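Shown here: target_29.pdb, PDB, C-alpha atoms.
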```pdb
ATOM      1  CA  MET T 159     128.961 102.898 103.944
ATOM      2  CA  ASN T 160     130.627 103.307 107.310
ATOM      3  CA  LEU T 161     133.942 104.931 108.186
ATOM      4  CA  GLY T 162     135.733 101.518 108.324
ATOM      5  CA  LYS T 163     134.923 100.855 104.674
ATOM      6  CA  VAL T 164     136.138 104.320 103.676
ATOM      7  CA  ILE T 165     139.445 103.949 105.552
ATOM      8  CA  GLY T 166     139.797 100.370 104.266
ATOM      9  CA  THR T 167     139.330 101.432 100.645
ATOM     10  CA  ILE T 168     141.812 104.308 101.019
ATOM     11  CA  ALA T 169     144.398 102.012 102.659
ATOM     12  CA  ALA T 170     143.959  99.368  99.944
ATOM     13  CA  VAL T 171     144.281 101.914  97.142
ATOM     14  CA  LEU T 172     147.359 103.469  98.798
ATOM     15  CA  PHE T 173     148.914 100.006  99.023
ATOM     16  CA  ILE T 174     148.347  99.382  95.302
ATOM     17  CA  ILE T 175     149.781 102.837  94.414
ATOM     18  CA  LEU T 176     152.841 102.056  96.544
ATOM     19  CA  TYR T 177     153.532  98.962  94.429
ATOM     20  CA  LEU T 178     152.456 100.501  91.118
ATOM     21  CA  SER T 179     156.044 101.283  90.119
ATOM     22  CA  THR T 180     157.025  97.597  90.391
ATOM     23  CA  ILE T 181     154.091  96.365  88.281
ATOM     24  CA  GLN T 182     155.597  97.450  84.961
ATOM     25  CA  HIS T 183     158.751  95.490  85.733
ATOM     26  CA  TYR T 184     156.742  92.422  86.816
ATOM     27  CA  ILE T 185     154.675  92.509  83.609
ATOM     28  CA  THR T 186     157.762  92.547  81.349
ATOM     29  CA  ASP T 187     159.483  89.804  83.363
ATOM     30  CA  GLY T 188     156.269  87.813  83.650
ATOM     31  CA  ILE T 189     155.596  87.861  79.935
ATOM     32  CA  SER T 190     159.161  86.903  79.035
ATOM     33  CA  GLN T 191     158.873  84.060  81.554
ATOM     34  CA  LEU T 192     155.643  82.855  79.908
ATOM     35  CA  ASN T 193     157.339  83.042  76.517
ATOM     36  CA  SER T 194     160.135  80.841  77.832
ATOM     37  CA  PHE T 195     157.511  78.131  78.441
ATOM     38  CA  ASN T 196     156.736  78.226  74.734
ATOM     39  CA  ASN T 197     160.170  76.743  74.139
ATOM     40  CA  LEU T 198     158.973  73.561  75.806
ATOM     41  CA  SER T 199     158.720  71.912  72.437
ATOM     42  CA  SER T 200     162.507  72.139  72.447
ATOM     43  CA  VAL T 201     162.614  68.858  74.370
ATOM     44  CA  ASN T 202     164.499  67.520  71.379
ATOM     45  CA  PHE T 203     166.166  64.311  70.430
ATOM     46  CA  ALA T 204     169.217  63.734  68.267
ATOM     47  CA  ILE T 205     170.758  60.463  67.191
ATOM     48  CA  VAL T 206     174.286  60.260  68.566
ATOM     49  CA  TYR T 207     175.344  56.804  67.571
ATOM     50  CA  SER T 208     173.888  53.651  66.180
ATOM     51  CA  ASN T 209     174.927  50.179  65.214
ATOM     52  CA  THR T 210     173.070  46.938  64.605
ATOM     53  CA  SER T 211     172.369  46.280  68.302
ATOM     54  CA  GLU T 212     171.840  49.709  69.815
ATOM     55  CA  LEU T 213     170.729  53.237  69.111
ATOM     56  CA  VAL T 214     171.974  56.098  71.266
ATOM     57  CA  ILE T 215     169.803  59.203  71.396
ATOM     58  CA  LYS T 216     170.681  62.433  73.126
ATOM     59  CA  ALA T 217     167.698  64.159  74.770
ATOM     60  CA  ASN T 218     167.760  67.538  76.440
ATOM     61  CA  ASN T 219     165.578  68.798  79.264
ATOM     62  CA  PRO T 220     164.888  72.558  79.196
ATOM     63  CA  LEU T 221     162.684  72.354  82.322
ATOM     64  CA  GLN T 222     163.404  73.133  85.977
ATOM     65  CA  VAL T 223     162.113  69.680  86.903
ATOM     66  CA  PRO T 224     163.451  66.233  85.954
ATOM     67  CA  ILE T 225     161.965  64.301  83.039
ATOM     68  CA  TYR T 226     161.731  60.514  83.222
ATOM     69  CA  ILE T 227     161.741  58.435  80.067
ATOM     70  CA  CYS T 228     159.851  55.474  81.503
ATOM     71  CA  ASN T 229     159.383  53.271  78.522
ATOM     72  CA  VAL T 230     160.132  53.047  74.829
ATOM     73  CA  SER T 231     158.935  49.971  73.062
ATOM     74  CA  GLY T 232     158.516  48.930  69.481
ATOM     75  CA  GLN T 233     158.443  45.601  67.746
ATOM     76  CA  TYR T 234     162.220  45.412  67.356
ATOM     77  CA  ILE T 235     163.458  48.183  69.616
ATOM     78  CA  TYR T 236     163.122  48.894  73.367
ATOM     79  CA  LEU T 237     164.489  50.821  76.313
ATOM     80  CA  PRO T 238     166.127  48.408  78.793
ATOM     81  CA  SER T 239     165.697  50.627  81.845
ATOM     82  CA  PRO T 240     164.036  53.984  82.634
ATOM     83  CA  VAL T 241     166.172  57.091  82.210
ATOM     84  CA  LYS T 242     166.078  60.249  84.298
ATOM     85  CA  ILE T 243     167.081  63.499  82.624
ATOM     86  CA  LEU T 244     168.063  66.097  85.196
ATOM     87  CA  PRO T 245     166.688  69.657  85.008
ATOM     88  CA  LEU T 246     168.400  71.908  82.442
ATOM     89  CA  SER T 247     170.674  69.202  81.165
ATOM     90  CA  SER T 248     170.862  66.515  78.566
ATOM     91  CA  SER T 249     171.393  62.834  78.750
ATOM     92  CA  ASN T 250     172.038  59.891  76.463
ATOM     93  CA  ILE T 251     169.385  57.248  76.067
ATOM     94  CA  THR T 252     170.457  53.851  74.842
ATOM     95  CA  LEU T 253     167.819  51.852  72.994
ATOM     96  CA  ARG T 254     168.366  48.150  72.330
ATOM     97  CA  ILE T 255     167.660  46.800  68.863
ATOM     98  CA  THR T 256     166.560  43.161  68.852
ATOM     99  CA  ASN T 257     166.515  42.584  65.149
ATOM    100  CA  TYR T 258     168.219  45.151  62.989
ATOM    101  CA  SER T 259     167.161  43.949  59.537
ATOM    102  CA  ASN T 260     163.506  43.555  60.535
ATOM    103  CA  LEU T 261     163.576  47.003  62.107
ATOM    104  CA  TYR T 262     165.153  48.436  58.971
ATOM    105  CA  ASN T 263     162.476  46.834  56.783
ATOM    106  CA  ASN T 264     159.682  47.998  59.067
ATOM    107  CA  ILE T 265     160.938  51.563  58.981
ATOM    108  CA  LYS T 266     161.254  51.390  55.219
ATOM    109  CA  GLU T 267     157.653  50.216  54.929
ATOM    110  CA  ASN T 268     156.550  52.763  57.529
ATOM    111  CA  LYS T 269     155.224  49.942  59.704
ATOM    112  CA  GLU T 270     157.294  50.324  62.863
ATOM    113  CA  THR T 271     155.180  51.734  65.694
ATOM    114  CA  ILE T 272     156.936  52.813  68.857
ATOM    115  CA  SER T 273     155.223  53.678  72.109
ATOM    116  CA  VAL T 274     156.995  56.271  74.243
ATOM    117  CA  THR T 275     156.104  56.943  77.886
ATOM    118  CA  VAL T 276     157.419  60.103  79.491
ATOM    119  CA  ARG T 277     156.763  61.306  83.012
ATOM    120  CA  VAL T 278     157.139  64.834  84.352
ATOM    121  CA  GLU T 279     156.312  65.123  88.059
ATOM    122  CA  ASN T 280     152.870  63.499  88.443
ATOM    123  CA  THR T 281     151.967  63.654  84.781
ATOM    124  CA  THR T 282     152.423  60.735  82.430
ATOM    125  CA  ILE T 283     152.354  61.223  78.688
ATOM    126  CA  VAL T 284     152.109  58.291  76.293
ATOM    127  CA  LYS T 285     152.576  58.760  72.571
ATOM    128  CA  VAL T 286     152.520  56.120  69.863
ATOM    129  CA  VAL T 287     154.637  57.152  66.890
ATOM    130  CA  ASN T 288     154.864  55.565  63.531
ATOM    131  CA  ILE T 289     158.249  55.773  61.890
TER     132      ILE T 289
ATOM    133  CA  MET W 192     130.001  93.241 128.084
ATOM    134  CA  ASN W 193     127.245  90.655 127.598
ATOM    135  CA  THR W 194     127.908  87.205 126.182
ATOM    136  CA  LYS W 195     126.597  87.913 122.704
ATOM    137  CA  ASN W 196     128.864  90.947 122.303
ATOM    138  CA  LEU W 197     131.729  88.936 123.746
ATOM    139  CA  ALA W 198     131.144  86.327 121.011
ATOM    140  CA  LEU W 199     131.157  89.087 118.376
ATOM    141  CA  THR W 200     134.338  90.637 119.832
ATOM    142  CA  THR W 201     136.023  87.222 119.747
ATOM    143  CA  TYR W 202     134.918  86.795 116.135
ATOM    144  CA  TYR W 203     136.437  90.150 115.142
ATOM    145  CA  LEU W 204     139.681  89.645 117.035
ATOM    146  CA  TYR W 205     140.119  86.068 115.800
ATOM    147  CA  SER W 206     139.282  87.008 112.201
ATOM    148  CA  LEU W 207     141.745  89.896 112.342
ATOM    149  CA  ILE W 208     144.548  87.530 113.389
ATOM    150  CA  ILE W 209     143.592  85.013 110.667
ATOM    151  CA  THR W 210     143.521  87.790 108.041
ATOM    152  CA  LEU W 211     147.005  88.974 108.970
ATOM    153  CA  ILE W 212     148.625  85.522 108.860
ATOM    154  CA  PRO W 213     150.578  85.498 105.557
ATOM    155  CA  LEU W 214     150.054  81.807 104.807
ATOM    156  CA  PRO W 215     147.953  80.029 102.161
ATOM    157  CA  TRP W 216     144.657  78.317 102.929
ATOM    158  CA  TRP W 217     144.508  75.873 100.052
ATOM    159  CA  TYR W 218     146.866  73.801  97.916
ATOM    160  CA  TYR W 219     145.970  72.729  94.399
ATOM    161  CA  ASN W 220     148.248  70.601  92.263
ATOM    162  CA  VAL W 221     147.630  69.651  88.626
ATOM    163  CA  GLY W 222     149.930  66.764  87.748
ATOM    164  CA  GLY W 223     152.867  68.460  89.509
ATOM    165  CA  ILE W 224     153.019  70.738  86.470
ATOM    166  CA  PHE W 225     150.890  73.540  87.830
ATOM    167  CA  ILE W 226     150.726  74.173  91.561
ATOM    168  CA  ILE W 227     148.689  76.871  93.297
ATOM    169  CA  TYR W 228     148.896  77.887  96.945
ATOM    170  CA  ASP W 229     146.204  80.394  97.723
ATOM    171  CA  SER W 230     144.013  82.212 100.185
ATOM    172  CA  PRO W 231     141.657  85.143  99.521
ATOM    173  CA  PHE W 232     144.585  87.387 100.466
ATOM    174  CA  GLN W 233     147.518  85.850  98.607
ATOM    175  CA  ILE W 234     148.409  83.484  95.778
ATOM    176  CA  SER W 235     151.490  81.755  94.462
ATOM    177  CA  MET W 236     151.543  79.807  91.228
ATOM    178  CA  ILE W 237     154.274  77.396  90.209
ATOM    179  CA  LEU W 238     154.460  76.225  86.609
ATOM    180  CA  LEU W 239     156.964  73.433  85.908
ATOM    181  CA  GLY W 240     159.010  74.242  88.998
ATOM    182  CA  GLU W 241     159.127  77.985  88.310
ATOM    183  CA  ASN W 242     157.358  80.619  90.360
ATOM    184  CA  LEU W 243     155.140  82.604  87.999
ATOM    185  CA  ILE W 244     156.140  86.272  88.064
ATOM    186  CA  LEU W 245     152.660  87.339  86.905
ATOM    187  CA  GLY W 246     151.452  85.917  90.229
ATOM    188  CA  TYR W 247     153.273  88.752  92.012
ATOM    189  CA  ILE W 248     150.980  91.275  90.322
ATOM    190  CA  LEU W 249     147.943  89.308  91.490
ATOM    191  CA  ASN W 250     149.495  89.259  94.950
ATOM    192  CA  ILE W 251     149.496  93.061  95.114
ATOM    193  CA  ILE W 252     145.731  93.053  94.508
ATOM    194  CA  PHE W 253     145.184  90.144  96.915
ATOM    195  CA  ASN W 254     147.150  91.910  99.642
ATOM    196  CA  ALA W 255     145.162  95.102  99.058
ATOM    197  CA  ILE W 256     142.057  92.989  99.790
ATOM    198  CA  ARG W 257     143.804  91.753 102.956
ATOM    199  CA  ILE W 258     144.358  95.348 104.057
ATOM    200  CA  TYR W 259     140.730  96.301 103.303
ATOM    201  CA  VAL W 260     139.336  93.361 105.273
ATOM    202  CA  ALA W 261     141.783  93.887 108.161
ATOM    203  CA  VAL W 262     140.919  97.597 108.450
ATOM    204  CA  ASN W 263     137.198  96.790 108.500
ATOM    205  CA  LEU W 264     137.639  94.084 111.134
ATOM    206  CA  GLY W 265     139.829  96.390 113.226
ATOM    207  CA  TYR W 266     137.337  99.246 112.933
ATOM    208  CA  SER W 267     134.370  97.051 113.917
ATOM    209  CA  LEU W 268     136.390  95.635 116.831
ATOM    210  CA  LEU W 269     137.313  99.134 118.003
ATOM    211  CA  LEU W 270     133.689 100.313 117.920
ATOM    212  CA  LEU W 271     132.634  97.271 119.959
ATOM    213  CA  LEU W 272     135.373  97.720 122.525
ATOM    214  CA  LEU W 273     134.592 101.430 122.892
ATOM    215  CA  ARG W 274     130.905 100.387 123.239
ATOM    216  CA  LYS W 275     129.867 102.904 120.644
ATOM    217  CA  GLU W 276     127.885 100.696 118.311
ATOM    218  CA  VAL W 277     127.521  97.116 117.139
ATOM    219  CA  THR W 278     128.508  96.839 113.484
ATOM    220  CA  LYS W 279     128.336  93.666 111.484
ATOM    221  CA  TYR W 280     131.151  92.883 109.104
ATOM    222  CA  THR W 281     130.599  89.347 107.879
ATOM    223  CA  THR W 282     133.200  88.901 105.107
ATOM    224  CA  MET W 283     135.250  86.478 107.198
ATOM    225  CA  VAL W 284     132.117  84.389 107.802
ATOM    226  CA  TRP W 285     131.600  83.436 104.185
ATOM    227  CA  LEU W 286     135.200  83.529 102.851
ATOM    228  CA  PRO W 287     136.205  80.170 104.439
ATOM    229  CA  VAL W 288     132.933  78.591 103.254
ATOM    230  CA  PHE W 289     133.587  79.912  99.759
ATOM    231  CA  TYR W 290     136.663  77.649  99.565
ATOM    232  CA  LEU W 291     134.464  74.582  99.731
ATOM    233  CA  ILE W 292     132.418  75.902  96.806
ATOM    234  CA  ASP W 293     135.548  76.632  94.768
ATOM    235  CA  PRO W 294     136.241  72.987  93.679
ATOM    236  CA  VAL W 295     132.606  72.769  92.519
ATOM    237  CA  VAL W 296     133.283  75.684  90.164
ATOM    238  CA  VAL W 297     136.541  74.042  88.956
ATOM    239  CA  TYR W 298     134.623  70.802  88.350
ATOM    240  CA  LEU W 299     131.919  72.548  86.302
ATOM    241  CA  VAL W 300     134.510  74.459  84.264
ATOM    242  CA  ILE W 301     136.622  71.382  83.433
ATOM    243  CA  LYS W 302     133.643  69.112  82.861
ATOM    244  CA  TYR W 303     131.510  71.417  80.697
ATOM    245  CA  LEU W 304     133.262  74.642  79.703
ATOM    246  CA  VAL W 305     136.738  73.340  78.680
ATOM    247  CA  PRO W 306     135.370  70.591  76.325
ATOM    248  CA  ALA W 307     132.901  73.076  74.794
ATOM    249  CA  VAL W 308     135.636  75.605  74.055
ATOM    250  CA  THR W 309     138.674  73.450  73.241
ATOM    251  CA  GLY W 310     137.167  70.133  72.252
ATOM    252  CA  ILE W 311     139.414  68.288  74.725
ATOM    253  CA  SER W 312     137.356  66.249  77.131
ATOM    254  CA  PHE W 313     138.448  65.100  80.560
ATOM    255  CA  ASN W 314     137.098  62.372  82.771
ATOM    256  CA  TYR W 315     137.241  64.776  85.665
ATOM    257  CA  PRO W 316     135.894  63.302  88.880
ATOM    258  CA  PHE W 317     134.043  65.458  91.360
ATOM    259  CA  PHE W 318     135.930  65.949  94.596
ATOM    260  CA  ILE W 319     136.680  68.736  97.050
ATOM    261  CA  ILE W 320     139.517  67.345  99.141
ATOM    262  CA  GLY W 321     141.798  64.538  98.001
ATOM    263  CA  SER W 322     143.671  63.320  94.958
ATOM    264  CA  GLU W 323     142.438  61.774  91.750
ATOM    265  CA  ILE W 324     143.960  60.702  88.454
ATOM    266  CA  ILE W 325     142.418  62.071  85.292
ATOM    267  CA  ASN W 326     143.093  60.860  81.770
ATOM    268  CA  THR W 327     142.755  62.681  78.523
ATOM    269  CA  ASN W 328     143.704  62.348  74.903
ATOM    270  CA  TYR W 329     145.190  65.324  73.139
ATOM    271  CA  GLN W 330     146.521  65.250  69.558
ATOM    272  CA  GLY W 331     147.449  61.600  69.827
ATOM    273  CA  TYR W 332     149.043  62.002  73.241
ATOM    274  CA  ASN W 333     147.592  59.997  76.100
ATOM    275  CA  ILE W 334     148.001  62.150  79.169
ATOM    276  CA  SER W 335     147.293  61.148  82.734
ATOM    277  CA  LEU W 336     147.512  63.714  85.508
ATOM    278  CA  LEU W 337     147.362  63.367  89.257
ATOM    279  CA  ILE W 338     145.180  66.157  90.619
ATOM    280  CA  GLN W 339     145.508  67.040  94.277
ATOM    281  CA  SER W 340     143.382  69.480  96.218
ATOM    282  CA  TYR W 341     144.053  69.931  99.916
ATOM    283  CA  PRO W 342     143.345  72.548 102.552
ATOM    284  CA  THR W 343     146.314  73.675 104.625
ATOM    285  CA  ILE W 344     146.218  73.428 108.437
ATOM    286  CA  LEU W 345     145.450  77.158 108.565
ATOM    287  CA  TYR W 346     142.268  76.571 106.557
ATOM    288  CA  TRP W 347     140.682  74.554 109.370
ATOM    289  CA  PHE W 348     141.411  77.431 111.742
ATOM    290  CA  THR W 349     139.706  79.895 109.385
ATOM    291  CA  LEU W 350     136.453  77.934 109.733
ATOM    292  CA  VAL W 351     136.452  78.961 113.413
ATOM    293  CA  CYS W 352     135.593  82.500 112.183
ATOM    294  CA  THR W 353     132.358  81.144 110.701
ATOM    295  CA  ILE W 354     131.626  79.105 113.834
ATOM    296  CA  LEU W 355     132.203  82.120 116.124
ATOM    297  CA  TYR W 356     129.770  84.210 114.105
ATOM    298  CA  VAL W 357     127.152  81.461 114.128
ATOM    299  CA  VAL W 358     127.567  81.293 117.931
ATOM    300  CA  TYR W 359     126.939  85.059 118.066
ATOM    301  CA  LEU W 360     123.789  84.707 115.945
ATOM    302  CA  LEU W 361     122.515  81.910 118.192
ATOM    303  CA  LEU W 362     123.157  83.962 121.343
ATOM    304  CA  LYS W 363     121.382  86.927 119.790
ATOM    305  CA  LYS W 364     118.176  84.926 119.269
TER     306      LYS W 364
END
```
Just dump the structure as structure tokens.
Amino acid sequence: MNLGKVIGTIAAVLFIILYLSTIQHYITDGISQLNSFNNLSSVNFAIVYSNTSELVIKANNPLQVPIYICNVSGQYIYLPSPVKILPLSSSNITLRITNYSNLYNNIKENKETISVTVRVENTTIVKVVNI
Amino acid sequence: MNTKNLALTTYYLYSLIITLIPLPWWYYNVGGIFIIYDSPFQISMILLGENLILGYILNIIFNAIRIYVAVNLGYSLLLLLLRKEVTKYTTMVWLPVFYLIDPVVVYLVIKYLVPAVTGISFNYPFFIIGSEIINTNYQGYNISLLIQSYPTILYWFTLVCTILYVVYLLLKK
């Protein structure tokens, strides 16, 4: 071990000690930040309004990045055009109902399957739900 | 100073400058959800548009490594310039090369380790530089992610460290 390695190690250790006081604060903030990501499941939907031809759903976006609802399609219900939900805000999504009574019967018989496509940045998530 | 020592001096001086530049070497993006900018001396991680605070703690350690490497390069350079002795400090020779091995490790982890542990399997293609789409199925969700892995402009300059040292070894022969 030469002198350079000794000085280097001392300098590196001194640097870490210098920042040691801030680490505690970073750990608390860092962990609370990670916990805030656990609330991601709070991308929630609530029915605002519905009639025989349309269904209005309010969706909120708890993320710092926009969420795109690209496609919603079922046998008797669909999304006419993609919707962008801005970061940290909520937006209304209007779904068109093509045949209300058939939709109602399908839901009653648990037969209506709806495919939902959501995009966040470069990630696309597709989920088929049965309602 | 003879040519071979001149090559070694250039290697030390150049490596020292590269080490002190506070910019990332590599950019890694997982579906825009998780983004990493890193070098052996610094890292920044962005999850869903937010800078991860825990990354700052890692940065303290990474910067300590920067200081250690810089001191060693400076010391070796000083000894050479004072013509006291020729020391060999080769960390900056293999660090840039290590970055090309890194995606191989990521590939092996995602392809074999992640499915073994979590049961989620990915069709993860093998690539070092570029972008690829991977698809997976998780709890009924079909997820497709665009993975991007690119070196920054600085990375190509770091490879000069390796080249300079190889030149020195060739001259020494």
With 10 Å as the cut-off and all atoms listed in the file counted, what is the closest atom pair between each nearby residue of chain T and chain W? Distances in Å to one decimal, ordered by chain and number, as CSV.
```
residue,atom,partner,partner_atom,distance
T:Asn160,CA,W:Thr278,CA,9.2
T:Leu161,CA,W:Tyr266,CA,8.1
T:Gly162,CA,W:Asn263,CA,5.0
T:Lys163,CA,W:Asn263,CA,6.0
T:Val164,CA,W:Asn263,CA,9.0
T:Ile165,CA,W:Val262,CA,7.1
T:Gly166,CA,W:Tyr259,CA,4.3
T:Thr167,CA,W:Tyr259,CA,5.9
T:Ile168,CA,W:Tyr259,CA,8.4
T:Ala169,CA,W:Ile258,CA,6.8
T:Ala170,CA,W:Ala255,CA,4.5
T:Val171,CA,W:Ala255,CA,7.1
T:Leu172,CA,W:Ala255,CA,8.7
T:Phe173,CA,W:Ala255,CA,6.2
T:Ile174,CA,W:Ile251,CA,6.4
T:Ile175,CA,W:Ile251,CA,9.8
T:Leu176,CA,W:Ile251,CA,9.7
T:Tyr177,CA,W:Ile251,CA,7.2
T:Leu178,CA,W:Ile251,CA,8.9
T:Thr180,CA,W:Ile248,CA,8.7
T:Ile181,CA,W:Ile248,CA,6.3
T:Gln182,CA,W:Ile248,CA,9.4
T:His183,CA,W:Ile244,CA,9.9
T:Tyr184,CA,W:Ile244,CA,6.3
T:Ile185,CA,W:Leu245,CA,6.5
T:Thr186,CA,W:Leu245,CA,9.2
T:Asp187,CA,W:Ile244,CA,6.8
T:Gly188,CA,W:Ile244,CA,4.7
T:Ile189,CA,W:Leu245,CA,7.6
T:Ser190,CA,W:Ile244,CA,9.5
T:Gln191,CA,W:Ile244,CA,7.4
T:Leu192,CA,W:Leu243,CA,8.1
T:Phe195,CA,W:Leu239,CA,8.8
T:Leu221,CA,W:Leu239,CA,6.8
T:Gln222,CA,W:Gly240,CA,5.4
T:Val223,CA,W:Gly240,CA,5.9
T:Pro224,CA,W:Gly240,CA,9.7
T:Pro245,CA,W:Gly240,CA,9.8
T:Val274,CA,W:Tyr332,CA,9.9
T:Thr275,CA,W:Asn333,CA,9.2
T:Val276,CA,W:Ile334,CA,9.6
T:Arg277,CA,W:Ser335,CA,9.5
T:Val278,CA,W:Ile224,CA,7.5
T:Glu279,CA,W:Gly223,CA,5.0
T:Asn280,CA,W:Gly222,CA,4.4
T:Thr281,CA,W:Leu336,CA,4.5
T:Thr282,CA,W:Ser335,CA,5.2
T:Ile283,CA,W:Ile334,CA,4.5
T:Val284,CA,W:Asn333,CA,4.8
T:Lys285,CA,W:Tyr332,CA,4.8
T:Val286,CA,W:Gly331,CA,7.5
T:Val287,CA,W:Gly331,CA,8.9
```
Given the file shown, determine the residues that the PyMOL selection byres ((chain W and resi 217) around 12) selects; report them as a PyMOL selection string.
-> chain W and resi 214-216+218-220+226-236+287+289-291+293-294+319-321+339-347+349
Between atom CA of Ile215 of chain T and atom CA of Thr256 of chain T, what is the spacing in Å?
-> 16.6 Å
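Between atom CA of Val288 of chain W and atom CA of Glu276 of chain W lies a distance of 27.2 Å.
We find atom CA of Ile243 of chain T and atom CA of Ser208 of chain T to be spaced 20.3 Å apart.
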Hits from the PyMOL selection byres ((chain W and resi 317) around 8), listed as an mmCIF file with C-alpha atoms, keeping the file's coordinate frame:
```
data_model
loop_
_atom_site.group_PDB
_atom_site.id
_atom_site.type_symbol
_atom_site.label_atom_id
_atom_site.label_comp_id
_atom_site.auth_asym_id
_atom_site.auth_seq_id
_atom_site.Cartn_x
_atom_site.Cartn_y
_atom_site.Cartn_z
ATOM 1 C CA VAL W 295 132.606 72.769 92.519
ATOM 2 C CA TYR W 298 134.623 70.802 88.350
ATOM 3 C CA TYR W 315 137.241 64.776 85.665
ATOM 4 C CA PRO W 316 135.894 63.302 88.880
ATOM 5 C CA PHE W 318 135.930 65.949 94.596
ATOM 6 C CA ILE W 319 136.680 68.736 97.050
#
```
Complete the atom set of segment 273-293 of chain W to N, CA and C atoms and return it as a short mmCIF file (atom, residue, chain, number, x, y, z; two decimals), in the coordinates of the input.
```
data_model
loop_
_atom_site.label_atom_id
_atom_site.label_comp_id
_atom_site.auth_asym_id
_atom_site.auth_seq_id
_atom_site.Cartn_x
_atom_site.Cartn_y
_atom_site.Cartn_z
N LEU W 273 134.90 100.09 122.36
CA LEU W 273 134.59 101.43 122.89
C LEU W 273 133.11 101.56 123.24
N ARG W 274 132.36 100.46 122.99
CA ARG W 274 130.90 100.39 123.24
C ARG W 274 130.14 101.51 122.55
N LYS W 275 130.57 101.84 121.36
CA LYS W 275 129.87 102.90 120.64
C LYS W 275 128.69 102.32 119.89
N GLU W 276 128.99 101.34 119.02
CA GLU W 276 127.88 100.70 118.31
C GLU W 276 128.29 99.28 117.90
N VAL W 277 127.26 98.48 117.58
CA VAL W 277 127.52 97.12 117.14
C VAL W 277 127.41 97.09 115.62
N THR W 278 128.55 96.93 114.94
CA THR W 278 128.51 96.84 113.48
C THR W 278 128.72 95.39 113.08
N LYS W 279 128.17 95.05 111.94
CA LYS W 279 128.34 93.67 111.48
C LYS W 279 129.15 93.65 110.21
N TYR W 280 130.31 93.04 110.29
CA TYR W 280 131.15 92.88 109.10
C TYR W 280 131.38 91.38 108.93
N THR W 281 130.69 90.81 107.94
CA THR W 281 130.60 89.35 107.88
C THR W 281 131.46 88.69 106.79
N THR W 282 132.36 89.46 106.17
CA THR W 282 133.20 88.90 105.11
C THR W 282 133.93 87.62 105.53
N MET W 283 134.48 87.65 106.74
CA MET W 283 135.25 86.48 107.20
C MET W 283 134.36 85.30 107.58
N VAL W 284 133.03 85.50 107.54
CA VAL W 284 132.12 84.39 107.80
C VAL W 284 131.99 83.54 106.55
N TRP W 285 131.84 84.21 105.41
CA TRP W 285 131.60 83.44 104.18
C TRP W 285 132.87 83.11 103.39
N LEU W 286 133.97 83.84 103.61
CA LEU W 286 135.20 83.53 102.85
C LEU W 286 135.68 82.08 103.04
N PRO W 287 135.77 81.57 104.29
CA PRO W 287 136.21 80.17 104.44
C PRO W 287 135.24 79.18 103.79
N VAL W 288 133.93 79.49 103.84
CA VAL W 288 132.93 78.59 103.25
C VAL W 288 133.06 78.58 101.73
N PHE W 289 133.41 79.76 101.20
CA PHE W 289 133.59 79.91 99.76
C PHE W 289 134.61 78.91 99.21
N TYR W 290 135.63 78.58 100.01
CA TYR W 290 136.66 77.65 99.56
C TYR W 290 136.15 76.25 99.33
N LEU W 291 135.04 75.90 99.98
CA LEU W 291 134.46 74.58 99.73
C LEU W 291 133.64 74.58 98.44
N ILE W 292 133.21 75.78 98.04
CA ILE W 292 132.42 75.90 96.81
C ILE W 292 133.35 75.94 95.59
N ASP W 293 134.56 76.46 95.82
CA ASP W 293 135.55 76.63 94.77
C ASP W 293 135.78 75.38 93.90
#
```
